[in-house]
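S.K.: This structure is in structure tokens; I'll ask about it shortly.
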Amino acid sequence: MSTALDSLLDLLDLERIEQDIFRGTSRSAVVPRVFGGQVAAQALVAAGRTVPSDSSPSSRMDASRGDPLAHSLHAYFLRMGDPGAPIVYTVDRIRDGRSFATRRVVAVQHGQPIFHLSASFQTYEDGLEHQANMPSAPDPETLPTAAEMLPRYADRFSDPGMVDRLVEARAAVDLRYVDAPPFATVGRPREPRSQVWFRTNGKLADDPLLHVCMATYVSDMTLLDSVLLAHGRGGWAVGDVVGASLDHAMWFHRPFRADEWLLYDQESPSASGGRGLGQARIYTQDGRLAITVIQEGVVRVPR
């Protein structure tokens with residue numbers, strides 16, 4: 001396991017300071033604020049730790065064993081997070097039913113809420129089955145890593161330290177672009193679609209909540225790329241747009257491992273009013289639809 005992944009796992013291992021109250025820390029990000037995927041993942045950790053479990057969470061990745069598993073989350077980013085201050089997560093146990101459990105989490109810094117999440121957990125049951133087919137994509141092992149790809153585009157960034165910060169921010173996750181990222185094709189609008197493969201840079205424990213939280217962390221990295229592609233914009237690191245995540249929703253359909261290759265197939269159906277919408281499906285390498293993701297974000301052209 002990489003040192004960066006160890007550090008990320010420590011970040012997600014929240015401190016319990018009271019019943020249903022947890023405290024987390026942050027790490028440096030590409031921009032001087034808390035990375036949204038980190039807050040979402042930590043909030044889901046807090047929610048999941050209040051859901052009763054019938055067996056040891058590390059025993060096996062078996063959805064049929066009876067433990068409630070996360071099946072959806074809906075979240076709003078309310079304020080910019082301060083990476084230098086702890087984040088306190090308070091959990092409300094909204095409902096514990098026979099099949100479903102619902103939690104509400106509020107993340108607080110400096111006395112103000114910065115993030116709000118609702119999450120639902122379901123005990124496994126059999127049901128109807130169908131899914132959208134996985135789109136075609138090249139073998140992830142044939143694609144360059146972030147450390148190999150990013151230095152090729154160093155001239156796109158006005159900040160000479162940007163490449164190093166981008167590589168560091170993605171060191172815990174092996175994220176590989178299928179096509180050129182937005183900052184590689186500045187000024188050339190393209191179809192608003194993008195694909196990346198990702199997996200953690202190391203093996204994870206057999207805890208389903210951990211894998212779901214890790215996918216939540218990664219889901220905020222590239223989802224709005226397709227908005228940028230439609231307009232030939234390079235992104236926040238290039239500086240030709242400014243923006244932030246507004247809301248985020250995920251549905252977890254089938255079991256998966258975040259330490260095995262997952263295809264993140266993303267597109268943008270709309271941008272208007274200073275906002276852009278991204279939607280995506282995440283597939284396992286053998287073609288199972290694991291997750292659906294939708295996010296809206298502020299996307300503004302600097303004046």
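Ordering of the structure tokens sets the chain letters (A, B, ...); residue numbers start at 1 within each chain; ligands are numbered from 1 in the order shown.
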Return as JSON lines the residues of stretch 104-157 of chain A lying at most 9 Å from stretch 191-208 of chain A, together with the closest atom-to-atom pair for each and the distance in Å to one decimal, counting only C-alpha atoms, with rows in chain order and ascending residue number.
M.R.:
{"residue": "A:Ala137", "atom": "CA", "partner": "A:Gln195", "partner_atom": "CA", "distance": 8.0}
{"residue": "A:Asp139", "atom": "CA", "partner": "A:Trp197", "partner_atom": "CA", "distance": 8.9}
{"residue": "A:Pro140", "atom": "CA", "partner": "A:Trp197", "partner_atom": "CA", "distance": 6.2}
S.K.: For stretch 143-160 of chain A, please output as number ranges by chain all residues within 8 Å (counting only C-alpha atoms; exclusion window: fewer than 6 positions along the same chain).
M.R.: A: 166-167, 170, 174-178, 183-184, 237-238
S.K.: Atom CA of A:Pro182 and atom CA of A:Leu228, how far apart in Å?
M.R.: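 Computing it gives 6.4 Å between the two atoms.
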S.K.: Could you pull out the residues in stretch 88-143 of chain A that DSSP calls strand (DSSP E or B) from the backbone, as a PDB file with N, CA and C atoms, in the first residue's frame?
M.R.:
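Once everything was written out, this is out-v6.pdb:
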ATOM      1  N   VAL A  88     -16.222  19.036  12.258  1.00  0.00           N
ATOM      2  CA  VAL A  88     -17.048  18.250  13.169  1.00  0.00           C
ATOM      3  C   VAL A  88     -18.280  17.760  12.417  1.00  0.00           C
ATOM      4  N   TYR A  89     -18.542  16.462  12.497  1.00  0.00           N
ATOM      5  CA  TYR A  89     -19.669  15.842  11.814  1.00  0.00           C
ATOM      6  C   TYR A  89     -20.684  15.362  12.853  1.00  0.00           C
ATOM      7  N   THR A  90     -21.877  15.910  12.802  1.00  0.00           N
ATOM      8  CA  THR A  90     -22.949  15.469  13.693  1.00  0.00           C
ATOM      9  C   THR A  90     -23.945  14.644  12.894  1.00  0.00           C
ATOM     10  N   VAL A  91     -24.343  13.504  13.447  1.00  0.00           N
ATOM     11  CA  VAL A  91     -25.214  12.565  12.746  1.00  0.00           C
ATOM     12  C   VAL A  91     -26.566  12.497  13.443  1.00  0.00           C
ATOM     13  N   ASP A  92     -27.631  12.651  12.682  1.00  0.00           N
ATOM     14  CA  ASP A  92     -28.991  12.425  13.178  1.00  0.00           C
ATOM     15  C   ASP A  92     -29.479  11.081  12.665  1.00  0.00           C
ATOM     16  N   ARG A  93     -29.943  10.247  13.596  1.00  0.00           N
ATOM     17  CA  ARG A  93     -30.472   8.933  13.217  1.00  0.00           C
ATOM     18  C   ARG A  93     -31.950   9.111  12.852  1.00  0.00           C
ATOM     19  N   ILE A  94     -32.199   9.436  11.601  1.00  0.00           N
ATOM     20  CA  ILE A  94     -33.555   9.764  11.172  1.00  0.00           C
ATOM     21  C   ILE A  94     -34.488   8.568  11.273  1.00  0.00           C
ATOM     22  N   ARG A  95     -34.013   7.402  10.840  1.00  0.00           N
ATOM     23  CA  ARG A  95     -34.881   6.219  10.849  1.00  0.00           C
ATOM     24  C   ARG A  95     -34.050   4.951  10.842  1.00  0.00           C
ATOM     25  N   ASP A  96     -34.474   3.966  11.621  1.00  0.00           N
ATOM     26  CA  ASP A  96     -33.940   2.615  11.566  1.00  0.00           C
ATOM     27  C   ASP A  96     -35.111   1.665  11.366  1.00  0.00           C
ATOM     28  N   PHE A 100     -34.443  -0.481   5.763  1.00  0.00           N
ATOM     29  CA  PHE A 100     -33.710   0.741   5.454  1.00  0.00           C
ATOM     30  C   PHE A 100     -33.380   1.519   6.725  1.00  0.00           C
ATOM     31  N   ALA A 101     -32.226   2.167   6.692  1.00  0.00           N
ATOM     32  CA  ALA A 101     -31.822   3.104   7.736  1.00  0.00           C
ATOM     33  C   ALA A 101     -31.434   4.412   7.067  1.00  0.00           C
ATOM     34  N   THR A 102     -31.850   5.530   7.657  1.00  0.00           N
ATOM     35  CA  THR A 102     -31.596   6.850   7.067  1.00  0.00           C
ATOM     36  C   THR A 102     -30.834   7.710   8.066  1.00  0.00           C
ATOM     37  N   ARG A 103     -29.822   8.407   7.556  1.00  0.00           N
ATOM     38  CA  ARG A 103     -29.008   9.280   8.393  1.00  0.00           C
ATOM     39  C   ARG A 103     -28.873  10.660   7.752  1.00  0.00           C
ATOM     40  N   ARG A 104     -28.804  11.676   8.608  1.00  0.00           N
ATOM     41  CA  ARG A 104     -28.523  13.035   8.151  1.00  0.00           C
ATOM     42  C   ARG A 104     -27.253  13.496   8.853  1.00  0.00           C
ATOM     43  N   VAL A 105     -26.334  14.062   8.081  1.00  0.00           N
ATOM     44  CA  VAL A 105     -25.045  14.491   8.626  1.00  0.00           C
ATOM     45  C   VAL A 105     -24.821  15.962   8.281  1.00  0.00           C
ATOM     46  N   VAL A 106     -24.389  16.737   9.262  1.00  0.00           N
ATOM     47  CA  VAL A 106     -24.016  18.128   9.042  1.00  0.00           C
ATOM     48  C   VAL A 106     -22.545  18.288   9.422  1.00  0.00           C
ATOM     49  N   ALA A 107     -21.753  18.835   8.502  1.00  0.00           N
ATOM     50  CA  ALA A 107     -20.343  19.115   8.758  1.00  0.00           C
ATOM     51  C   ALA A 107     -20.195  20.580   9.150  1.00  0.00           C
ATOM     52  N   VAL A 108     -19.508  20.834  10.261  1.00  0.00           N
ATOM     53  CA  VAL A 108     -19.419  22.184  10.822  1.00  0.00           C
ATOM     54  C   VAL A 108     -17.964  22.591  10.987  1.00  0.00           C
ATOM     55  N   GLN A 109     -17.671  23.829  10.609  1.00  0.00           N
ATOM     56  CA  GLN A 109     -16.377  24.470  10.871  1.00  0.00           C
ATOM     57  C   GLN A 109     -16.623  25.888  11.356  1.00  0.00           C
ATOM     58  N   GLN A 112     -20.155  27.122  11.788  1.00  0.00           N
ATOM     59  CA  GLN A 112     -21.097  27.217  10.673  1.00  0.00           C
ATOM     60  C   GLN A 112     -21.115  25.920   9.876  1.00  0.00           C
ATOM     61  N   PRO A 113     -22.296  25.517   9.376  1.00  0.00           N
ATOM     62  CA  PRO A 113     -22.355  24.321   8.533  1.00  0.00           C
ATOM     63  C   PRO A 113     -21.702  24.585   7.180  1.00  0.00           C
ATOM     64  N   ILE A 114     -20.855  23.643   6.751  1.00  0.00           N
ATOM     65  CA  ILE A 114     -20.222  23.781   5.436  1.00  0.00           C
ATOM     66  C   ILE A 114     -20.725  22.725   4.455  1.00  0.00           C
ATOM     67  N   PHE A 115     -21.419  21.694   4.988  1.00  0.00           N
ATOM     68  CA  PHE A 115     -21.811  20.566   4.138  1.00  0.00           C
ATOM     69  C   PHE A 115     -22.961  19.837   4.808  1.00  0.00           C
ATOM     70  N   HIS A 116     -23.889  19.365   4.000  1.00  0.00           N
ATOM     71  CA  HIS A 116     -25.047  18.620   4.499  1.00  0.00           C
ATOM     72  C   HIS A 116     -25.230  17.369   3.662  1.00  0.00           C
ATOM     73  N   LEU A 117     -25.416  16.229   4.318  1.00  0.00           N
ATOM     74  CA  LEU A 117     -25.572  14.967   3.601  1.00  0.00           C
ATOM     75  C   LEU A 117     -26.722  14.167   4.183  1.00  0.00           C
ATOM     76  N   SER A 118     -27.516  13.565   3.299  1.00  0.00           N
ATOM     77  CA  SER A 118     -28.487  12.548   3.688  1.00  0.00           C
ATOM     78  C   SER A 118     -28.069  11.248   3.026  1.00  0.00           C
ATOM     79  N   ALA A 119     -28.062  10.174   3.790  1.00  0.00           N
ATOM     80  CA  ALA A 119     -27.655   8.879   3.252  1.00  0.00           C
ATOM     81  C   ALA A 119     -28.638   7.813   3.689  1.00  0.00           C
ATOM     82  N   SER A 120     -28.830   6.835   2.814  1.00  0.00           N
ATOM     83  CA  SER A 120     -29.736   5.735   3.109  1.00  0.00           C
ATOM     84  C   SER A 120     -28.988   4.414   2.982  1.00  0.00           C
ATOM     85  N   PHE A 121     -29.290   3.488   3.873  1.00  0.00           N
ATOM     86  CA  PHE A 121     -28.651   2.178   3.923  1.00  0.00           C
ATOM     87  C   PHE A 121     -29.742   1.113   3.843  1.00  0.00           C
ATOM     88  N   GLN A 122     -29.446   0.027   3.146  1.00  0.00           N
ATOM     89  CA  GLN A 122     -30.440  -1.026   2.952  1.00  0.00           C
ATOM     90  C   GLN A 122     -29.840  -2.391   3.249  1.00  0.00           C
ATOM     91  N   THR A 123     -30.609  -3.225   3.933  1.00  0.00           N
ATOM     92  CA  THR A 123     -30.238  -4.623   4.092  1.00  0.00           C
ATOM     93  C   THR A 123     -30.451  -5.333   2.760  1.00  0.00           C
TER      94      THR A 123
END
S.K.: Could you name the residues that touch A:Gly36 at 12 Å or less, counting only C-alpha atoms, but leaving out those on the same chain fewer than 6 positions away, as a PyMOL selection string?
M.R.: chain A and resi 26-27+29-30+42-43+75-83+107+114-116+216-223+243-248+295+297
S.K.: Would you write out those residues with N, CA and C atoms, as an mmCIF file, in the first residue's frame?
M.R.:
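Below is the file result24.cif, written as the result:
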data_model
loop_
_atom_site.group_PDB
_atom_site.id
_atom_site.type_symbol
_atom_site.label_atom_id
_atom_site.label_comp_id
_atom_site.auth_asym_id
_atom_site.auth_seq_id
_atom_site.Cartn_x
_atom_site.Cartn_y
_atom_site.Cartn_z
ATOM 1 N N SER A 26 -8.172 17.604 7.588
ATOM 2 C CA SER A 26 -8.046 17.738 6.143
ATOM 3 C C SER A 26 -6.591 17.662 5.744
ATOM 4 N N ARG A 27 -6.376 17.553 4.439
ATOM 5 C CA ARG A 27 -5.012 17.611 3.931
ATOM 6 C C ARG A 27 -4.974 18.633 2.810
ATOM 7 N N ALA A 29 -4.896 20.518 -0.636
ATOM 8 C CA ALA A 29 -5.563 20.231 -1.894
ATOM 9 C C ALA A 29 -4.949 21.090 -2.992
ATOM 10 N N VAL A 30 -5.419 20.894 -4.216
ATOM 11 C CA VAL A 30 -4.887 21.654 -5.347
ATOM 12 C C VAL A 30 -5.200 23.134 -5.186
ATOM 13 N N GLN A 42 -15.952 11.675 4.236
ATOM 14 C CA GLN A 42 -15.921 11.674 5.700
ATOM 15 C C GLN A 42 -17.336 11.684 6.282
ATOM 16 N N ALA A 43 -18.238 12.439 5.673
ATOM 17 C CA ALA A 43 -19.620 12.476 6.157
ATOM 18 C C ALA A 43 -20.279 11.113 6.020
ATOM 19 N N ALA A 75 -26.258 15.274 -1.245
ATOM 20 C CA ALA A 75 -25.472 16.212 -0.455
ATOM 21 C C ALA A 75 -25.459 17.603 -1.071
ATOM 22 N N TYR A 76 -25.274 18.603 -0.197
ATOM 23 C CA TYR A 76 -25.098 19.990 -0.623
ATOM 24 C C TYR A 76 -23.811 20.542 -0.012
ATOM 25 N N PHE A 77 -23.026 21.207 -0.843
ATOM 26 C CA PHE A 77 -21.851 21.933 -0.387
ATOM 27 C C PHE A 77 -22.301 23.364 -0.077
ATOM 28 N N LEU A 78 -22.199 23.763 1.184
ATOM 29 C CA LEU A 78 -22.785 25.033 1.624
ATOM 30 C C LEU A 78 -21.776 26.167 1.705
ATOM 31 N N ARG A 79 -20.587 25.863 2.194
ATOM 32 C CA ARG A 79 -19.547 26.885 2.342
ATOM 33 C C ARG A 79 -18.197 26.259 2.031
ATOM 34 N N MET A 80 -17.244 27.115 1.664
ATOM 35 C CA MET A 80 -15.886 26.656 1.421
ATOM 36 C C MET A 80 -15.269 26.167 2.722
ATOM 37 N N GLY A 81 -14.656 24.978 2.695
ATOM 38 C CA GLY A 81 -14.032 24.439 3.888
ATOM 39 C C GLY A 81 -12.633 24.980 4.104
ATOM 40 N N ASP A 82 -12.268 25.137 5.359
ATOM 41 C CA ASP A 82 -10.946 25.624 5.750
ATOM 42 C C ASP A 82 -10.049 24.414 6.004
ATOM 43 N N PRO A 83 -9.019 24.179 5.162
ATOM 44 C CA PRO A 83 -8.180 22.984 5.342
ATOM 45 C C PRO A 83 -7.345 23.015 6.616
ATOM 46 N N ALA A 107 -21.753 18.835 8.502
ATOM 47 C CA ALA A 107 -20.343 19.115 8.758
ATOM 48 C C ALA A 107 -20.195 20.580 9.150
ATOM 49 N N ILE A 114 -20.855 23.643 6.751
ATOM 50 C CA ILE A 114 -20.222 23.781 5.436
ATOM 51 C C ILE A 114 -20.725 22.725 4.455
ATOM 52 N N PHE A 115 -21.419 21.694 4.988
ATOM 53 C CA PHE A 115 -21.811 20.566 4.138
ATOM 54 C C PHE A 115 -22.961 19.837 4.808
ATOM 55 N N HIS A 116 -23.889 19.365 4.000
ATOM 56 C CA HIS A 116 -25.047 18.620 4.499
ATOM 57 C C HIS A 116 -25.230 17.369 3.662
ATOM 58 N N THR A 216 -16.777 7.546 -3.319
ATOM 59 C CA THR A 216 -17.359 8.876 -3.115
ATOM 60 C C THR A 216 -16.273 9.937 -3.173
ATOM 61 N N TYR A 217 -15.141 9.675 -2.554
ATOM 62 C CA TYR A 217 -13.999 10.597 -2.579
ATOM 63 C C TYR A 217 -13.570 10.877 -4.019
ATOM 64 N N VAL A 218 -13.404 9.827 -4.816
ATOM 65 C CA VAL A 218 -12.915 9.992 -6.187
ATOM 66 C C VAL A 218 -13.965 10.632 -7.090
ATOM 67 N N SER A 219 -15.242 10.428 -6.790
ATOM 68 C CA SER A 219 -16.303 10.882 -7.689
ATOM 69 C C SER A 219 -16.328 12.391 -7.886
ATOM 70 N N ASP A 220 -15.731 13.142 -6.976
ATOM 71 C CA ASP A 220 -15.721 14.610 -7.092
ATOM 72 C C ASP A 220 -14.507 15.137 -7.842
ATOM 73 N N MET A 221 -13.623 14.257 -8.303
ATOM 74 C CA MET A 221 -12.382 14.707 -8.938
ATOM 75 C C MET A 221 -12.575 15.200 -10.370
ATOM 76 N N THR A 222 -13.389 14.492 -11.151
ATOM 77 C CA THR A 222 -13.414 14.765 -12.601
ATOM 78 C C THR A 222 -14.814 14.915 -13.181
ATOM 79 N N LEU A 223 -15.866 14.906 -12.359
ATOM 80 C CA LEU A 223 -17.220 14.833 -12.907
ATOM 81 C C LEU A 223 -17.606 16.048 -13.744
ATOM 82 N N GLY A 243 -14.963 27.920 -10.032
ATOM 83 C CA GLY A 243 -16.160 27.164 -9.704
ATOM 84 C C GLY A 243 -16.007 26.337 -8.452
ATOM 85 N N ALA A 244 -17.076 25.653 -8.123
ATOM 86 C CA ALA A 244 -17.112 24.788 -6.947
ATOM 87 C C ALA A 244 -18.326 23.881 -7.068
ATOM 88 N N SER A 245 -18.249 22.739 -6.397
ATOM 89 C CA SER A 245 -19.388 21.825 -6.370
ATOM 90 C C SER A 245 -20.532 22.447 -5.574
ATOM 91 N N LEU A 246 -21.752 22.254 -6.063
ATOM 92 C CA LEU A 246 -22.938 22.732 -5.363
ATOM 93 C C LEU A 246 -23.683 21.590 -4.673
ATOM 94 N N ASP A 247 -24.017 20.567 -5.428
ATOM 95 C CA ASP A 247 -24.672 19.411 -4.839
ATOM 96 C C ASP A 247 -24.181 18.148 -5.523
ATOM 97 N N HIS A 248 -24.442 17.010 -4.886
ATOM 98 C CA HIS A 248 -23.839 15.752 -5.317
ATOM 99 C C HIS A 248 -24.773 14.629 -4.898
ATOM 100 N N GLN A 295 -23.939 15.510 -10.403
ATOM 101 C CA GLN A 295 -23.426 16.654 -9.662
ATOM 102 C C GLN A 295 -23.677 17.939 -10.442
ATOM 103 N N GLY A 297 -22.408 22.047 -10.399
ATOM 104 C CA GLY A 297 -21.400 22.918 -9.838
ATOM 105 C C GLY A 297 -21.463 24.298 -10.426
#
S.K.: Would you mind listing what lies within 6 Å of A:Val186 as a PyMOL selection string, with only C-alpha atoms counted and same-chain residues fewer than 3 positions away left out?
M.R.: chain A and resi 183+232-234
S.K.: Can you pull out every residue within 10 Å of A:Ser270, counting only C-alpha atoms, but drop anything in the same chain fewer than 3 positions away, and send it as a list in words?
M.R.: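 That gives Pro192, Ser226, Val227, Ala230, Glu267, Arg275, Gly276, Leu277, Gly278, Gln279 and Glu296 of chain A.
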S.K.: Those same residues - all heavy atoms - I'd like them written as a PDB file, in the first residue's frame.
M.R.:
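The file below, again.pdb, is the result:
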ATOM      1  N   PRO A 192     -19.192  16.828 -24.954  1.00  0.00           N
ATOM      2  CA  PRO A 192     -19.145  16.881 -23.484  1.00  0.00           C
ATOM      3  C   PRO A 192     -19.212  15.508 -22.828  1.00  0.00           C
ATOM      4  O   PRO A 192     -20.125  15.188 -22.072  1.00  0.00           O
ATOM      5  CB  PRO A 192     -20.378  17.728 -23.134  1.00  0.00           C
ATOM      6  CG  PRO A 192     -21.339  17.445 -24.230  1.00  0.00           C
ATOM      7  CD  PRO A 192     -20.500  17.290 -25.469  1.00  0.00           C
ATOM      8  N   SER A 226     -16.577  17.208 -18.181  1.00  0.00           N
ATOM      9  CA  SER A 226     -17.328  17.219 -19.439  1.00  0.00           C
ATOM     10  C   SER A 226     -17.969  18.577 -19.697  1.00  0.00           C
ATOM     11  O   SER A 226     -18.164  18.965 -20.855  1.00  0.00           O
ATOM     12  CB  SER A 226     -18.379  16.109 -19.432  1.00  0.00           C
ATOM     13  OG  SER A 226     -19.148  16.134 -18.257  1.00  0.00           O
ATOM     14  N   VAL A 227     -18.294  19.321 -18.633  1.00  0.00           N
ATOM     15  CA  VAL A 227     -18.793  20.690 -18.816  1.00  0.00           C
ATOM     16  C   VAL A 227     -17.720  21.547 -19.472  1.00  0.00           C
ATOM     17  O   VAL A 227     -17.974  22.306 -20.413  1.00  0.00           O
ATOM     18  CB  VAL A 227     -19.207  21.310 -17.463  1.00  0.00           C
ATOM     19  CG1 VAL A 227     -19.664  22.754 -17.645  1.00  0.00           C
ATOM     20  CG2 VAL A 227     -20.307  20.491 -16.797  1.00  0.00           C
ATOM     21  N   ALA A 230     -17.042  20.879 -23.312  1.00  0.00           N
ATOM     22  CA  ALA A 230     -18.020  21.425 -24.256  1.00  0.00           C
ATOM     23  C   ALA A 230     -17.675  22.849 -24.680  1.00  0.00           C
ATOM     24  O   ALA A 230     -18.094  23.306 -25.747  1.00  0.00           O
ATOM     25  CB  ALA A 230     -19.414  21.391 -23.639  1.00  0.00           C
ATOM     26  N   GLU A 267     -20.654  12.578 -18.554  1.00  0.00           N
ATOM     27  CA  GLU A 267     -21.129  13.477 -19.598  1.00  0.00           C
ATOM     28  C   GLU A 267     -21.828  14.675 -18.960  1.00  0.00           C
ATOM     29  O   GLU A 267     -22.207  14.635 -17.789  1.00  0.00           O
ATOM     30  CB  GLU A 267     -22.102  12.762 -20.543  1.00  0.00           C
ATOM     31  CG  GLU A 267     -23.400  12.326 -19.892  1.00  0.00           C
ATOM     32  CD  GLU A 267     -24.366  11.732 -20.893  1.00  0.00           C
ATOM     33  OE1 GLU A 267     -24.237  12.039 -22.084  1.00  0.00           O
ATOM     34  OE2 GLU A 267     -25.264  10.978 -20.468  1.00  0.00           O
ATOM     35  N   ARG A 275     -23.948  27.656 -13.970  1.00  0.00           N
ATOM     36  CA  ARG A 275     -23.882  26.326 -13.379  1.00  0.00           C
ATOM     37  C   ARG A 275     -23.716  25.292 -14.488  1.00  0.00           C
ATOM     38  O   ARG A 275     -24.186  25.473 -15.605  1.00  0.00           O
ATOM     39  CB  ARG A 275     -25.158  25.991 -12.588  1.00  0.00           C
ATOM     40  CG  ARG A 275     -25.521  27.008 -11.527  1.00  0.00           C
ATOM     41  CD  ARG A 275     -26.754  26.563 -10.728  1.00  0.00           C
ATOM     42  NE  ARG A 275     -27.829  26.055 -11.567  1.00  0.00           N
ATOM     43  CZ  ARG A 275     -28.732  26.816 -12.200  1.00  0.00           C
ATOM     44  NH1 ARG A 275     -28.660  28.143 -12.109  1.00  0.00           N
ATOM     45  NH2 ARG A 275     -29.688  26.256 -12.927  1.00  0.00           N
ATOM     46  N   GLY A 276     -23.060  24.185 -14.163  1.00  0.00           N
ATOM     47  CA  GLY A 276     -22.910  23.081 -15.100  1.00  0.00           C
ATOM     48  C   GLY A 276     -23.313  21.781 -14.428  1.00  0.00           C
ATOM     49  O   GLY A 276     -23.082  21.590 -13.234  1.00  0.00           O
ATOM     50  N   LEU A 277     -23.927  20.892 -15.201  1.00  0.00           N
ATOM     51  CA  LEU A 277     -24.392  19.620 -14.670  1.00  0.00           C
ATOM     52  C   LEU A 277     -23.574  18.480 -15.251  1.00  0.00           C
ATOM     53  O   LEU A 277     -23.360  18.407 -16.463  1.00  0.00           O
ATOM     54  CB  LEU A 277     -25.871  19.409 -15.008  1.00  0.00           C
ATOM     55  CG  LEU A 277     -26.525  18.154 -14.401  1.00  0.00           C
ATOM     56  CD1 LEU A 277     -26.668  18.315 -12.891  1.00  0.00           C
ATOM     57  CD2 LEU A 277     -27.884  17.885 -15.038  1.00  0.00           C
ATOM     58  N   GLY A 278     -23.116  17.590 -14.390  1.00  0.00           N
ATOM     59  CA  GLY A 278     -22.419  16.380 -14.818  1.00  0.00           C
ATOM     60  C   GLY A 278     -23.171  15.156 -14.340  1.00  0.00           C
ATOM     61  O   GLY A 278     -23.722  15.151 -13.231  1.00  0.00           O
ATOM     62  N   GLN A 279     -23.245  14.143 -15.177  1.00  0.00           N
ATOM     63  CA  GLN A 279     -23.845  12.878 -14.762  1.00  0.00           C
ATOM     64  C   GLN A 279     -22.957  11.742 -15.241  1.00  0.00           C
ATOM     65  O   GLN A 279     -22.257  11.872 -16.244  1.00  0.00           O
ATOM     66  CB  GLN A 279     -25.267  12.736 -15.301  1.00  0.00           C
ATOM     67  CG  GLN A 279     -25.394  12.788 -16.810  1.00  0.00           C
ATOM     68  CD  GLN A 279     -26.852  12.806 -17.273  1.00  0.00           C
ATOM     69  OE1 GLN A 279     -27.756  13.261 -16.559  1.00  0.00           O
ATOM     70  NE2 GLN A 279     -27.090  12.314 -18.473  1.00  0.00           N
ATOM     71  N   GLU A 296     -24.034  18.993  -9.706  1.00  0.00           N
ATOM     72  CA  GLU A 296     -24.088  20.329 -10.307  1.00  0.00           C
ATOM     73  C   GLU A 296     -23.041  21.193  -9.617  1.00  0.00           C
ATOM     74  O   GLU A 296     -22.821  21.074  -8.403  1.00  0.00           O
ATOM     75  CB  GLU A 296     -25.474  20.961 -10.148  1.00  0.00           C
ATOM     76  CG  GLU A 296     -25.606  22.271 -10.932  1.00  0.00           C
ATOM     77  CD  GLU A 296     -27.018  22.833 -10.900  1.00  0.00           C
ATOM     78  OE1 GLU A 296     -27.608  22.899  -9.813  1.00  0.00           O
ATOM     79  OE2 GLU A 296     -27.518  23.221 -11.977  1.00  0.00           O
TER      80      GLU A 296
END
S.K.: For atom CA of A:Leu44 and atom CA of A:Asp67, determine how far apart the two atoms are, in Å to one decimal place.
M.R.: 16.0 Å
S.K.: Give the answer as one residue: which of A:Leu263, A:Ile291, A:Met162, A:Ala46 has the shortest atom-to-atom distance to A:Val212, using only C-alpha atoms?
M.R.: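 Of all the options, A:Ile291 lies closest to A:Val212.
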S.K.: Taking the chain letters and numbering used in this document, name the residues of stretch 16-255 of chain A that DSSP puts in helix (DSSP H, G or I), as a PyMOL selection string.
M.R.: chain A and resi 36-48+63-65+140-142+146-156+162-169+182-184+208-222+225-231
